[in-house]
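Below is one structure, written out as structure tokens; the observations come after it.
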Amino acid sequence: DQQVKQNSPSLSVQEGRISILNCDYTNSMFDYFLWYKKYPAEGPTFLISISSIKDKNEDGRFTVFLNKSAKHLSLHIVPSQPGDSAVYFCAATLGRDDKIIFGKGTRLHILP
Amino acid sequence: DGGITQSPKYLFRKEGQNVTLSCEQNLNHDAMYWYRQDPGQGLRLIYYSQIVNDFQKGDIAEGYSVSREKKESFPLTVTSAQKNPTAFYLCASSVAAGGFYNSPLHFGNGTRLTVT
């Protein structure tokens with residue numbers, strides 16, 4: 001049973017436009033959500049996170065939005081750049097737990 | 001430079017052989033983790049360790065074993081009992097287990113294991 005779902009395996013976006021990556025979750029007890037970015041043959045790197053008590057967190061070109069009632073979060077990248085082409089993993093955690101639960105990832109292609 | 005080193009980057013083994021993947025970190029992190037990535041499967045937790053000489057099973061621990069004799073090292077052994085060992089293996093660490101909001105996972109660059 002997948003608790004963190006990324007339903008789009010891939011997404012293509014024109015350079016300079018906005019990229020929106022979506023993530024849904026089932027466990028309403030998750031208290032923190034994170035996004036990781038992964039290039040081929042490398043480990044994921046932490047990108048941005050958001051606490052469940054907030055609905056938005058912004059860091060430069062990256063903004064994460066959280067809709068708790070819909071159990072949905074999204075990562076917005078604007079403007080999209082060629083170096084943003086990667087796989088993006090959504091992840092969630094329970095504060096009292098020792099584990100992060102990852103989604104299956106969405107591969108983002110930035111088109112020239 | 002502080003970081004996590006996984007070696008080797010590529011590893012080939014014959015079916016039926018045990019193989020050990022190395023993971024070393026010099027970040028002084030207490031917690032270490034092993035994940036497995038398969039195409040279209042995301043990251044799945046194999047084992048994790050919050051402190052030296054202690055470790056817990058993750059979601060897919062069957063066919064794997066670990067040890068944590070030193071804070072810096074968390075080797076993973078893929079045994080012959082693991083039915084589908086071919087995968088990309090990622091080691092990670094964090095300052096402390098839990099509370100990932102202020103201690104995100106730091107990943108190594110992975111080891112791609114191919115068993116034939």
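Going by the structure tokens order, chains are called A, B, ..., each with residues numbered from 1, while ligands are numbered from 1 in the order shown.
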Return the neighbours of chain A among the residues of chain B, cut-off 9 Å, counting only C-alpha atoms, as a VMD selection string. chain B and resid 9 39 to 45 48 50 58 88 90 to 92 97 to 101 104 to 112
May I ask for the distance between atom CA of Asn57 of chain A and atom CA of Leu73 of chain A, given in Å to one decimal place? 11.1 Å
